[in-house]
file coords.tsv (TSV, C-alpha atoms and all ligand atoms)
chain	number	residue	atom	x	y	z
G	1	MET	CA	0.00	0.00	0.00
G	2	LEU	CA	1.23	3.47	-0.84
G	3	GLU	CA	1.11	5.96	2.00
G	4	GLU	CA	-0.82	8.57	0.10
G	5	SER	CA	-3.30	6.09	-1.44
G	6	VAL	CA	-6.92	6.04	-0.37
G	7	TYR	CA	-9.20	3.09	-1.02
G	8	VAL	CA	-12.56	3.40	-2.75
G	9	ASP	CA	-14.90	0.45	-3.26
G	10	ALA	CA	-15.06	-1.04	-6.72
G	11	HIS	CA	-18.82	-0.53	-7.19
G	12	THR	CA	-18.51	3.21	-6.62
G	13	LEU	CA	-15.58	3.51	-9.00
G	14	GLU	CA	-17.25	1.42	-11.69
G	15	SER	CA	-20.41	3.52	-11.43
G	16	PHE	CA	-18.31	6.71	-11.53
G	17	MET	CA	-16.47	5.61	-14.65
G	18	ARG	CA	-19.74	4.61	-16.32
G	19	ASP	CA	-21.13	8.09	-15.58
G	20	VAL	CA	-17.94	9.70	-16.90
G	21	PHE	CA	-18.40	7.99	-20.25
G	22	ILE	CA	-22.15	8.66	-20.34
G	23	GLY	CA	-21.23	12.30	-19.63
G	24	LEU	CA	-19.19	12.22	-22.83
G	25	GLU	CA	-22.17	10.89	-24.79
G	26	VAL	CA	-21.06	7.29	-24.89
G	27	PRO	CA	-24.29	5.20	-25.07
G	28	LYS	CA	-25.27	3.77	-21.67
G	29	GLU	CA	-24.72	0.11	-22.58
G	30	ASP	CA	-21.30	0.85	-24.09
G	31	ALA	CA	-20.32	2.96	-21.06
G	32	GLY	CA	-21.21	-0.06	-18.92
G	33	ILE	CA	-18.90	-2.32	-20.94
G	34	ILE	CA	-15.98	0.13	-20.76
G	35	ALA	CA	-16.40	0.71	-17.02
G	36	ASN	CA	-16.59	-3.04	-16.43
G	37	VAL	CA	-13.38	-3.73	-18.38
G	38	LEU	CA	-11.60	-0.98	-16.44
G	39	ILE	CA	-12.80	-2.03	-13.00
G	40	THR	CA	-12.02	-5.69	-13.78
G	41	SER	CA	-8.43	-4.59	-14.34
G	42	ASP	CA	-8.30	-2.81	-10.96
G	43	LEU	CA	-10.01	-5.66	-9.16
G	44	ARG	CA	-7.52	-8.11	-10.63
G	45	GLY	CA	-4.67	-5.97	-9.33
G	46	ILE	CA	-3.67	-4.67	-12.79
G	47	GLU	CA	-3.28	-1.04	-11.71
G	48	SER	CA	-1.87	0.04	-15.05
G	49	HIS	CA	-5.02	-0.54	-17.12
G	50	GLY	CA	-7.96	0.31	-14.87
G	51	ILE	CA	-9.05	3.68	-13.55
G	52	GLN	CA	-5.48	4.84	-14.11
G	53	ARG	CA	-6.32	4.98	-17.82
G	54	CYS	CA	-9.82	6.50	-17.46
G	55	LYS	CA	-8.63	10.08	-18.01
G	56	MET	CA	-6.67	9.03	-21.09
G	57	TYR	CA	-9.88	7.74	-22.70
G	58	TYR	CA	-11.74	10.81	-21.40
G	59	ASP	CA	-9.26	13.17	-23.06
G	60	ARG	CA	-9.22	11.21	-26.31
G	61	ILE	CA	-13.03	11.21	-26.61
G	62	LYS	CA	-13.09	14.95	-25.86
G	63	GLU	CA	-10.46	15.56	-28.53
G	64	GLY	CA	-12.48	13.53	-31.04
G	65	ILE	CA	-9.66	10.99	-31.40
G	66	TYR	CA	-12.10	8.25	-30.35
G	67	GLU	CA	-15.76	8.21	-31.43
G	68	ALA	CA	-18.05	8.19	-28.39
G	69	LYS	CA	-20.67	6.28	-30.37
G	70	THR	CA	-19.10	3.03	-31.51
G	71	LYS	CA	-20.14	1.66	-34.88
G	72	VAL	CA	-18.84	-1.78	-35.81
G	73	ASP	CA	-19.08	-2.86	-39.44
G	74	ILE	CA	-18.73	-6.42	-40.70
G	75	ILE	CA	-16.40	-6.24	-43.69
G	76	LYS	CA	-16.25	-9.95	-44.46
G	77	GLU	CA	-17.78	-12.99	-42.77
G	78	GLY	CA	-17.61	-16.77	-43.05
G	79	PRO	CA	-18.94	-19.50	-40.74
G	80	THR	CA	-15.84	-19.43	-38.52
G	81	THR	CA	-14.24	-16.11	-39.36
G	82	ALA	CA	-15.03	-12.41	-39.55
G	83	LEU	CA	-13.26	-9.18	-40.35
G	84	LEU	CA	-14.64	-6.15	-38.52
G	85	ASP	CA	-14.05	-2.41	-38.80
G	86	GLY	CA	-14.29	-0.49	-35.52
G	87	ASN	CA	-14.46	2.97	-37.15
G	88	CYS	CA	-12.30	4.46	-34.34
G	89	GLY	CA	-15.01	3.86	-31.73
G	90	MET	CA	-14.29	2.71	-28.18
G	91	GLY	CA	-11.86	-0.22	-28.24
G	92	HIS	CA	-13.43	-1.99	-25.25
G	93	VAL	CA	-16.83	-2.07	-26.95
G	94	ILE	CA	-15.37	-3.16	-30.28
G	95	ALA	CA	-13.34	-5.92	-28.59
G	96	TYR	CA	-16.32	-7.08	-26.54
G	97	LYS	CA	-18.44	-7.42	-29.69
G	98	ALA	CA	-15.64	-9.11	-31.62
G	99	MET	CA	-14.99	-11.73	-28.93
G	100	LYS	CA	-18.73	-12.30	-28.54
G	101	MET	CA	-18.87	-12.98	-32.27
G	102	ALA	CA	-15.90	-15.38	-32.08
G	103	ILE	CA	-17.60	-17.24	-29.20
G	104	ASP	CA	-20.92	-17.48	-31.08
G	105	LYS	CA	-19.13	-18.95	-34.09
G	106	ALA	CA	-17.21	-21.39	-31.88
G	107	LYS	CA	-20.49	-22.51	-30.30
G	108	LYS	CA	-21.81	-23.40	-33.76
G	109	TYR	CA	-18.72	-24.60	-35.58
G	110	GLY	CA	-16.08	-25.30	-32.91
G	111	ILE	CA	-13.88	-22.34	-33.62
G	112	GLY	CA	-14.29	-18.60	-34.18
G	113	ALA	CA	-11.61	-16.18	-35.32
G	114	VAL	CA	-12.29	-12.45	-35.63
G	115	ALA	CA	-9.87	-9.82	-36.86
G	116	VAL	CA	-10.53	-6.11	-36.26
G	117	ARG	CA	-9.20	-3.03	-38.03
G	118	ASN	CA	-9.60	0.65	-37.15
G	119	SER	CA	-10.06	-0.06	-33.46
G	120	THR	CA	-8.65	1.81	-30.48
G	121	HIS	CA	-7.02	0.87	-27.16
G	122	PHE	CA	-9.11	-1.88	-25.50
G	123	GLY	CA	-7.49	-2.12	-22.04
G	124	ILE	CA	-6.66	-5.55	-20.61
G	125	ALA	CA	-6.58	-8.26	-23.26
G	126	GLY	CA	-7.40	-10.81	-20.55
G	127	TYR	CA	-10.95	-9.50	-20.18
G	128	TYR	CA	-11.83	-10.87	-23.61
G	129	SER	CA	-10.10	-14.22	-23.00
G	130	LEU	CA	-12.15	-14.50	-19.81
G	131	MET	CA	-15.32	-14.11	-21.90
G	132	ALA	CA	-14.35	-17.28	-23.79
G	133	ILE	CA	-13.33	-19.12	-20.61
G	134	LYS	CA	-16.77	-18.43	-19.09
G	135	GLU	CA	-18.26	-20.32	-22.05
G	136	GLY	CA	-15.97	-23.33	-21.55
G	137	MET	CA	-13.64	-22.24	-24.34
G	138	ILE	CA	-10.03	-21.35	-24.91
G	139	GLY	CA	-9.61	-17.65	-25.69
G	140	LEU	CA	-6.62	-16.09	-27.41
G	141	VAL	CA	-6.38	-12.33	-27.87
G	142	THR	CA	-3.81	-10.03	-29.43
G	143	THR	CA	-3.60	-6.32	-30.09
G	144	ASN	CA	-0.94	-4.07	-31.50
G	145	ALA	CA	-0.13	-0.76	-29.82
G	146	ARG	CA	2.06	2.36	-30.09
G	147	PRO	CA	5.71	1.57	-30.91
G	148	SER	CA	7.66	0.70	-27.76
G	149	ILE	CA	9.75	-2.45	-28.33
G	150	PRO	CA	12.98	-2.30	-30.38
G	151	PRO	CA	14.06	-5.25	-32.49
G	152	THR	CA	17.02	-7.21	-31.09
G	153	PHE	CA	20.21	-5.11	-31.64
G	154	GLY	CA	18.03	-2.05	-32.36
G	155	SER	CA	17.26	0.95	-30.14
G	156	GLU	CA	14.31	2.44	-32.00
G	157	PRO	CA	10.85	1.69	-30.57
G	158	MET	CA	9.09	-0.18	-33.37
G	159	LEU	CA	6.61	-2.77	-32.05
G	160	GLY	CA	3.89	-2.12	-29.49
G	161	THR	CA	3.99	-3.81	-26.10
G	162	ASN	CA	1.70	-6.20	-27.98
G	163	PRO	CA	0.05	-8.55	-25.47
G	164	LEU	CA	-0.31	-12.19	-26.46
G	165	THR	CA	-2.99	-13.41	-24.10
G	166	PHE	CA	-4.12	-16.99	-23.67
G	167	GLY	CA	-6.79	-18.30	-21.32
G	168	ALA	CA	-8.29	-21.73	-20.65
G	169	PRO	CA	-10.68	-23.13	-18.04
G	170	THR	CA	-9.49	-25.52	-15.32
G	171	ASP	CA	-11.29	-27.53	-12.64
G	172	GLU	CA	-9.99	-25.04	-10.05
G	173	GLU	CA	-11.66	-21.89	-8.78
G	174	PHE	CA	-9.69	-19.82	-11.25
G	175	PRO	CA	-8.72	-20.42	-14.87
G	176	TYR	CA	-5.31	-20.38	-16.47
G	177	LEU	CA	-4.89	-16.87	-17.86
G	178	LEU	CA	-1.56	-15.66	-19.15
G	179	ASP	CA	-2.26	-12.02	-19.83
G	180	CYS	CA	0.80	-9.89	-20.41
G	181	ALA	CA	2.76	-7.74	-22.81
G	182	THR	CA	5.62	-9.04	-24.93
G	183	SER	CA	7.86	-6.34	-23.40
G	184	ILE	CA	9.34	-6.85	-19.93
G	185	ILE	CA	7.54	-3.76	-18.66
G	186	GLN	CA	4.63	-2.19	-20.51
G	187	ARG	CA	3.85	1.50	-20.92
G	188	GLY	CA	0.96	1.55	-18.41
G	189	LYS	CA	3.29	0.21	-15.71
G	190	VAL	CA	5.86	2.91	-16.54
G	191	GLU	CA	3.01	5.43	-16.04
G	192	VAL	CA	2.25	3.91	-12.62
G	193	TYR	CA	5.94	4.21	-11.61
G	194	ALA	CA	5.87	7.83	-12.80
G	195	ARG	CA	2.73	8.63	-10.79
G	196	ILE	CA	4.41	7.41	-7.60
G	197	ASN	CA	7.93	8.62	-8.50
G	198	LYS	CA	9.59	5.21	-8.22
G	199	PRO	CA	12.57	4.13	-10.37
G	200	LEU	CA	11.91	1.38	-12.92
G	201	PRO	CA	13.42	-2.07	-12.43
G	202	LYS	CA	16.86	-2.27	-14.11
G	203	ASN	CA	17.30	-3.73	-17.59
G	204	THR	CA	13.78	-2.97	-18.75
G	205	VAL	CA	14.26	0.19	-20.85
G	206	ILE	CA	17.06	1.48	-23.09
G	207	ASP	CA	17.86	4.88	-24.55
G	208	ASP	CA	18.81	5.54	-28.17
G	209	LYS	CA	22.40	4.41	-27.48
G	210	GLY	CA	21.26	1.18	-25.84
G	211	GLU	CA	22.05	2.39	-22.30
G	212	ILE	CA	19.71	1.36	-19.46
G	213	MET	CA	17.20	3.96	-18.23
G	214	THR	CA	15.34	3.83	-14.90
G	215	ASP	CA	13.66	7.25	-14.46
G	216	PRO	CA	10.00	6.65	-15.45
G	217	ASN	CA	9.24	10.32	-16.23
G	218	GLU	CA	12.33	10.57	-18.41
G	219	VAL	CA	11.35	7.32	-20.14
G	220	LEU	CA	7.82	8.58	-20.90
G	221	ASP	CA	9.22	11.87	-22.26
G	222	GLN	CA	11.93	10.15	-24.28
G	223	MET	CA	9.46	7.62	-25.68
G	224	LEU	CA	7.54	10.52	-27.21
G	225	GLU	CA	10.81	11.55	-28.87
G	226	ARG	CA	11.37	7.91	-29.87
G	227	LYS	CA	14.61	7.91	-27.88
G	228	ALA	CA	13.60	5.34	-25.27
G	229	ALA	CA	12.44	1.79	-25.93
G	230	LEU	CA	10.91	-0.93	-23.73
G	231	LEU	CA	12.97	-4.10	-24.00
G	232	PRO	CA	11.27	-7.26	-25.23
G	233	LEU	CA	10.82	-10.31	-22.99
G	234	GLY	CA	14.29	-11.80	-22.68
G	235	GLY	CA	15.89	-8.34	-22.59
G	236	LYS	CA	18.66	-6.67	-24.55
G	237	GLY	CA	20.72	-8.57	-27.10
G	238	GLU	CA	20.90	-12.32	-27.60
G	239	ASP	CA	22.48	-13.59	-24.36
G	240	THR	CA	19.15	-13.91	-22.55
G	241	ALA	CA	17.20	-14.52	-25.77
G	242	GLY	CA	15.59	-11.11	-26.22
G	243	TYR	CA	14.84	-12.21	-29.76
G	244	LYS	CA	12.11	-14.47	-28.37
G	245	GLY	CA	10.14	-11.52	-26.98
G	246	TYR	CA	10.90	-9.57	-30.15
G	247	GLY	CA	9.61	-12.55	-32.14
G	248	TYR	CA	6.38	-12.93	-30.16
G	249	ALA	CA	5.73	-9.17	-30.41
G	250	THR	CA	6.11	-9.53	-34.17
G	251	VAL	CA	3.68	-12.47	-34.20
G	252	VAL	CA	1.16	-10.22	-32.43
G	253	GLU	CA	1.78	-7.43	-34.94
G	254	LEU	CA	1.11	-9.84	-37.82
G	255	LEU	CA	-2.12	-11.19	-36.29
G	256	SER	CA	-3.31	-7.70	-35.29
G	257	ALA	CA	-2.45	-5.85	-38.50
G	258	ALA	CA	-1.56	-7.98	-41.52
G	259	LEU	CA	-4.70	-10.14	-41.32
G	260	GLN	CA	-6.99	-7.11	-41.62
G	261	GLU	CA	-5.05	-4.69	-43.80
G	262	GLY	CA	-4.80	-2.70	-40.59
G	263	ILE	CA	-2.18	-0.21	-39.55
G	264	TYR	CA	1.11	-1.31	-38.06
G	265	LEU	CA	4.36	-0.17	-36.42
G	266	GLN	CA	4.86	3.62	-36.77
G	267	ASP	CA	1.33	4.32	-38.03
G	268	THR	CA	-0.02	3.36	-34.59
G	269	LEU	CA	1.55	6.65	-33.38
G	270	GLY	CA	-1.36	8.43	-34.97
G	271	MET	CA	-2.55	9.98	-38.18
G	272	VAL	CA	-4.80	12.80	-39.31
G	273	GLU	CA	-7.88	11.90	-41.34
G	274	ASN	CA	-10.27	14.59	-42.57
G	275	GLY	CA	-8.65	17.03	-40.15
G	276	GLN	CA	-9.14	14.70	-37.15
G	277	LYS	CA	-6.29	13.05	-35.25
G	278	ARG	CA	-6.76	9.29	-34.95
G	279	LEU	CA	-4.98	6.69	-32.84
G	280	LYS	CA	-5.78	3.34	-34.37
G	281	VAL	CA	-4.86	-0.23	-33.55
G	282	GLY	CA	-5.93	-3.68	-34.69
G	283	HIS	CA	-6.87	-6.83	-32.76
G	284	PHE	CA	-7.31	-10.55	-33.21
G	285	PHE	CA	-9.66	-12.82	-31.22
G	286	LEU	CA	-9.78	-16.60	-31.27
G	287	ALA	CA	-12.30	-18.79	-29.43
G	288	ILE	CA	-11.87	-22.57	-29.43
G	289	ASN	CA	-14.81	-24.65	-28.26
G	290	ILE	CA	-13.23	-27.39	-26.17
G	291	ASP	CA	-16.33	-29.59	-26.46
G	292	ASN	CA	-15.58	-30.00	-30.15
G	293	PHE	CA	-12.39	-31.84	-29.15
G	294	ILE	CA	-13.17	-33.53	-25.85
G	295	GLY	CA	-15.64	-32.95	-23.04
G	296	VAL	CA	-14.88	-29.67	-21.33
G	297	LYS	CA	-14.78	-31.42	-17.92
G	298	SER	CA	-12.00	-33.69	-19.12
G	299	PHE	CA	-10.01	-30.71	-20.41
G	300	GLU	CA	-10.53	-28.86	-17.15
G	301	LYS	CA	-9.31	-31.85	-15.14
G	302	THR	CA	-6.12	-32.23	-17.20
G	303	ALA	CA	-5.55	-28.46	-17.13
G	304	GLY	CA	-6.09	-28.40	-13.35
G	305	ASN	CA	-3.68	-31.34	-12.90
G	306	ILE	CA	-1.03	-29.52	-14.92
G	307	MET	CA	-1.45	-26.39	-12.75
G	308	ARG	CA	-1.31	-28.37	-9.50
G	309	GLU	CA	1.79	-30.29	-10.58
G	310	LEU	CA	3.51	-27.06	-11.51
G	311	ARG	CA	2.62	-25.37	-8.23
G	312	ASN	CA	3.66	-28.42	-6.19
G	313	SER	CA	7.06	-28.77	-7.84
G	314	ARG	CA	10.32	-28.13	-5.92
G	315	ARG	CA	10.82	-24.52	-4.85
G	316	ILE	CA	14.02	-22.52	-4.69
G	317	PRO	CA	15.09	-22.23	-1.01
G	318	GLY	CA	13.62	-19.08	0.52
G	319	GLU	CA	10.76	-18.85	-2.02
G	320	GLN	CA	7.32	-19.25	-0.46
G	321	GLN	CA	5.10	-20.19	-3.36
G	322	ILE	CA	4.97	-21.23	-7.00
G	323	TYR	CA	2.11	-19.66	-8.94
G	324	THR	CA	0.38	-20.40	-12.20
G	325	ALA	CA	-0.83	-17.58	-14.46
G	326	GLY	CA	-4.18	-16.15	-13.44
G	327	GLU	CA	-3.73	-17.13	-9.79
G	328	LYS	CA	-2.42	-13.80	-8.50
G	329	GLU	CA	-5.24	-11.94	-10.24
G	330	TYR	CA	-7.79	-14.31	-8.71
G	331	LEU	CA	-6.33	-13.68	-5.25
G	332	ALA	CA	-6.17	-9.93	-5.92
G	333	GLU	CA	-9.86	-9.91	-6.82
G	334	ILE	CA	-10.83	-11.51	-3.51
G	335	ASP	CA	-8.66	-8.96	-1.69
G	336	LYS	CA	-9.79	-5.89	-3.65
G	337	LYS	CA	-13.47	-6.73	-3.22
G	338	ASN	CA	-12.83	-6.28	0.52
G	339	THR	CA	-10.30	-3.46	0.60
G	340	GLY	CA	-11.45	-1.42	-2.37
G	341	ILE	CA	-9.20	0.01	-5.09
G	342	PRO	CA	-6.12	2.04	-4.10
G	343	LEU	CA	-6.00	5.51	-5.62
G	344	ASN	CA	-2.71	7.39	-5.44
G	345	LYS	CA	-2.55	11.20	-5.21
G	346	SER	CA	-2.02	11.66	-8.93
G	347	LEU	CA	-5.07	9.50	-9.71
G	348	GLN	CA	-7.19	11.33	-7.15
G	349	LYS	CA	-6.37	14.52	-9.06
G	350	ASP	CA	-7.51	13.00	-12.37
G	351	ILE	CA	-10.75	11.81	-10.79
G	352	LYS	CA	-11.45	15.27	-9.37
G	353	ILE	CA	-10.89	16.89	-12.76
G	354	MET	CA	-13.36	14.54	-14.49
G	355	GLN	CA	-15.85	14.83	-11.63
G	356	ASN	CA	-15.78	18.64	-11.64
G	357	GLU	CA	-15.87	19.00	-15.41
G	358	LEU	CA	-18.89	16.69	-15.71
G	359	GLY	CA	-20.63	17.90	-12.53
G	360	LEU	CA	-20.73	14.40	-11.01
G	361	SER	CA	-21.25	15.80	-7.52
G	362	LYS	CA	-23.26	12.78	-6.33
G	363	TYR	CA	-19.96	10.96	-5.77
G	364	LYS	CA	-18.50	11.74	-2.33
G	365	PHE	CA	-14.88	10.59	-2.53
G	366	PRO	CA	-12.69	10.70	0.62
G	367	PHE	CA	-10.23	13.11	-1.05
X	1	LIG	N1	-4.16	-2.83	-24.78
X	1	LIG	C1	-2.86	-2.77	-24.87
X	1	LIG	O1	-2.35	-2.13	-25.77
X	1	LIG	C2	-1.97	-3.46	-23.86
X	1	LIG	C3	-0.59	-3.49	-24.05
X	1	LIG	C4	0.21	-4.14	-23.10
X	1	LIG	C5	-0.36	-4.74	-22.01
X	1	LIG	N2	-1.72	-4.70	-21.85
X	1	LIG	C6	-2.36	-5.31	-20.67
X	1	LIG	O2	-1.66	-4.94	-19.51
X	1	LIG	C7	-1.86	-5.92	-18.52
X	1	LIG	C8	-0.60	-6.15	-17.74
X	1	LIG	O3	0.44	-6.61	-18.61
X	1	LIG	P1	1.91	-6.85	-18.04
X	1	LIG	O4	2.79	-7.16	-19.17
X	1	LIG	O5	2.28	-5.72	-17.14
X	1	LIG	O6	1.67	-8.13	-17.13
X	1	LIG	P2	2.62	-8.72	-15.97
X	1	LIG	O7	4.04	-8.54	-16.32
X	1	LIG	O8	2.16	-8.17	-14.68
X	1	LIG	O9	2.27	-10.28	-16.06
X	1	LIG	C9	0.98	-10.70	-15.74
X	1	LIG	C10	0.80	-12.15	-16.09
X	1	LIG	O10	1.84	-12.95	-15.50
X	1	LIG	C11	1.26	-13.86	-14.59
X	1	LIG	N3	2.18	-14.02	-13.45
X	1	LIG	C12	2.65	-13.03	-12.65
X	1	LIG	N4	3.49	-13.54	-11.72
X	1	LIG	C13	3.55	-14.87	-11.97
X	1	LIG	C14	4.26	-15.95	-11.37
X	1	LIG	N5	5.10	-15.78	-10.35
X	1	LIG	N6	4.08	-17.19	-11.88
X	1	LIG	C15	3.24	-17.41	-12.92
X	1	LIG	N7	2.56	-16.43	-13.54
X	1	LIG	C16	2.71	-15.17	-13.07
X	1	LIG	C17	-0.07	-13.28	-14.19
X	1	LIG	O11	-0.96	-14.25	-13.70
X	1	LIG	C18	-0.52	-12.67	-15.52
X	1	LIG	O12	-1.05	-13.63	-16.37
X	1	LIG	C19	-2.42	-7.13	-19.23
X	1	LIG	O13	-3.79	-7.22	-18.88
X	1	LIG	C20	-2.29	-6.81	-20.70
X	1	LIG	O14	-3.33	-7.34	-21.50
X	1	LIG	C21	-2.53	-4.07	-22.73

call {"tool": "encode", "arguments": {"input": "coords.tsv", "output": "C-alpha cells"}}
result
Amino acid sequence: MLEESVYVDAHTLESFMRDVFIGLEVPKEDAGIIANVLITSDLRGIESHGIQRCKMYYDRIKEGIYEAKTKVDIIKEGPTTALLDGNCGMGHVIAYKAMKMAIDKAKKYGIGAVAVRNSTHFGIAGYYSLMAIKEGMIGLVTTNARPSIPPTFGSEPMLGTNPLTFGAPTDEEFPYLLDCATSIIQRGKVEVYARINKPLPKNTVIDDKGEIMTDPNEVLDQMLERKAALLPLGGKGEDTAGYKGYGYATVVELLSAALQEGIYLQDTLGMVENGQKRLKVGHFFLAINIDNFIGVKSFEKTAGNIMRELRNSRRIPGEQQIYTAGEKEYLAEIDKKNTGIPLNKSLQKDIKIMQNELGLSKYKFPF
C-alpha cells in the first residue's frame, strides 16, 4: 500500500467511470462495458489498465480521437471467421463485440476467429479471453499498440507492447490466464511508476544508445521523442534470448495488422484523417470450443492437474510459493473486493478533474 493512497470500493468507482463515459455521450450500454473492463483490471490488481487509464480515454473522446458512439461494421464474414471495422469507436466495446462474435461462431462450428481493423485501445486483453473461458472455451487475444519495443540489436521503438494473451478453463476456482505484454515492462506500468515517483526495475528500458534507463518520467518523455524503448521479454541482445520476446511481439503485430489490412508499427503513433487526429490499432480474437475436441470437464481436469503439478514442484530455497498464471489476479480480486481500489494522489487529481468538469457531484470521494 502506498502511504498517500486512499481506497474506494469497486462498485462506486465502476459507477463513476460509467457516468464519466455517459457524460461524454457514450451510449449507456457501451459505457457499462468500458467501465466493467476498467474495474475488472483494478479488481484483478492490474493497476496500469484500470481507472489509471480512465482520463486518457476521457481526453481522447473529448479531442475527437475516439468516437463516443461506436459503430462496428462487418467487412467480411464466413462461418468461422469475420473481419470487422471499428471505425475508431471505443476499443473496449469493439473488442467485446468481436470476442462475442468469435464465441458465437465457436459454439456453432467449434472455432471462431475475428480480426478487427480501425479499433482503439481496448485495455486488458485478458478481459476478452475471460469471456471465452466463461463459455468453456479457450480464448486467445492479441492487439498491436504504439511503438515501444525495439528489435534485437536495435534501439528504436518499433513494435507495441503487444500482449499475447491466452486463457483456458481448469477444474480449479480460477482459470489459467496468461495475460501480459511481450515487453518486460509495458507503458501503463511505466506510467504507474511515474505517478508514484519510483525508479523502474533495471534492464527494462534502453535509450537511443542502448544504455539502461530507470527514471519513469524521463522514459515517458523520451518515448515521445522515440529515444527510449521498452525491451522485449528476454531483454537486450541475444544472451538472454531477447529475440524471443521480439519474435512474439512480431507475431502479435502480424495477427493484429496484416490479417486485416490494418495499420502497423509507426502508423499506430497516430494519423490525421479529414482534419481529425486518430490513434488506431488492430486486434485478433480466437475462441476454441473445447467440447468439439473432448468434453470440457476432461479438459478442465487435465488443465487443473497440470497447474497443481507445476505449483507443487520443488521450490528454490527461501521462495514461499509457486504460482500459475491467473492465480495472482484471482487472489487480488478476492482482496480488492474487501479493501477497495487504491488511488494514489495523482489518480485522485484526475478523478477530481473529471468529476468537476462533468458535474458528477453525487460521488463523495474521501479526497
Ligand atoms: N491494450 C494494450 O495495448 C496493452 C498493451 C500491453 C499490455 N496490456 C495489458 O496490460 C496488462 C498487464 O500486462 P503486463 O505485461 O504488465 O503483465 P505482468 O508482467 O504483470 O504479467 C501478468 C501475467 O503474468 C502472470 N504471473 C505473474 N506472476 C507470476 C508468477 N510468479 N508465476 C506465474 N505467472 C505469473 C499473471 O498471472 C498474468 O497472467 C495485461 O492485462 C495486458 O493485456 C494491454

call {"tool": "closest_residue", "arguments": {"input": "coords.tsv", "among": "G:Lys105, G:Arg311, G:Lys100, G:Arg53", "to": "Gly78 (chain G)", "atoms": "all atoms listed in the file"}}
result
G:Lys105

call {"tool": "residues_around", "arguments": {"input": "coords.tsv", "residues": "Met354 (chain G)", "least_positions_apart": "4", "cutoff": "12 Å", "atoms": "all atoms listed in the file", "output": "JSON, numbers by chain"}}
result
{"G": [16, 17, 18, 19, 20, 21, 23, 24, 51, 54, 55, 56, 57, 58, 59, 62, 347, 348, 349, 350, 358, 359, 360, 361, 363]}

call {"tool": "atom_distance", "arguments": {"input": "coords.tsv", "atom1": "CA of Asn305 (chain G)", "atom2": "CA of Ser129 (chain G)"}}
result
20.9 Å

call {"tool": "closest_residue", "arguments": {"input": "coords.tsv", "among": "G:Gly154, G:Gly275, G:Pro216, G:Gly64", "to": "Leu231 (chain G)", "atoms": "all atoms listed in the file"}}
result
G:Gly154

call {"tool": "residues_around", "arguments": {"input": "coords.tsv", "residues": "Leu331 (chain G)", "least_positions_apart": "6", "cutoff": "10 Å", "atoms": "all atoms listed in the file", "output": "PyMOL selection string"}}
result
chain G and resi 43-45+174

call {"tool": "closest_residue", "arguments": {"input": "coords.tsv", "among": "G:Ala31, G:Leu259, G:Ile39, G:Ala229", "to": "Pro342 (chain G)", "atoms": "only C-alpha atoms"}}
result
G:Ile39

call {"tool": "decode", "arguments": {"input": "coords.tsv", "residues": "region 285-305 of chain G", "atoms": "C-alpha atoms", "output": "compact mmCIF listing (two decimals), in the first residue's frame"}}
result
# COMPACT_ATOMS: atom_id res chain seq x y z
CA PHE G 285 -9.66 -12.82 -31.22
CA LEU G 286 -9.78 -16.60 -31.27
CA ALA G 287 -12.30 -18.79 -29.43
CA ILE G 288 -11.87 -22.57 -29.43
CA ASN G 289 -14.81 -24.65 -28.26
CA ILE G 290 -13.23 -27.39 -26.17
CA ASP G 291 -16.33 -29.59 -26.46
CA ASN G 292 -15.58 -30.00 -30.15
CA PHE G 293 -12.39 -31.84 -29.15
CA ILE G 294 -13.17 -33.53 -25.85
CA GLY G 295 -15.64 -32.95 -23.04
CA VAL G 296 -14.88 -29.67 -21.33
CA LYS G 297 -14.78 -31.42 -17.92
CA SER G 298 -12.00 -33.69 -19.12
CA PHE G 299 -10.01 -30.71 -20.41
CA GLU G 300 -10.53 -28.86 -17.15
CA LYS G 301 -9.31 -31.85 -15.14
CA THR G 302 -6.12 -32.23 -17.20
CA ALA G 303 -5.55 -28.46 -17.13
CA GLY G 304 -6.09 -28.40 -13.35
CA ASN G 305 -3.68 -31.34 -12.90
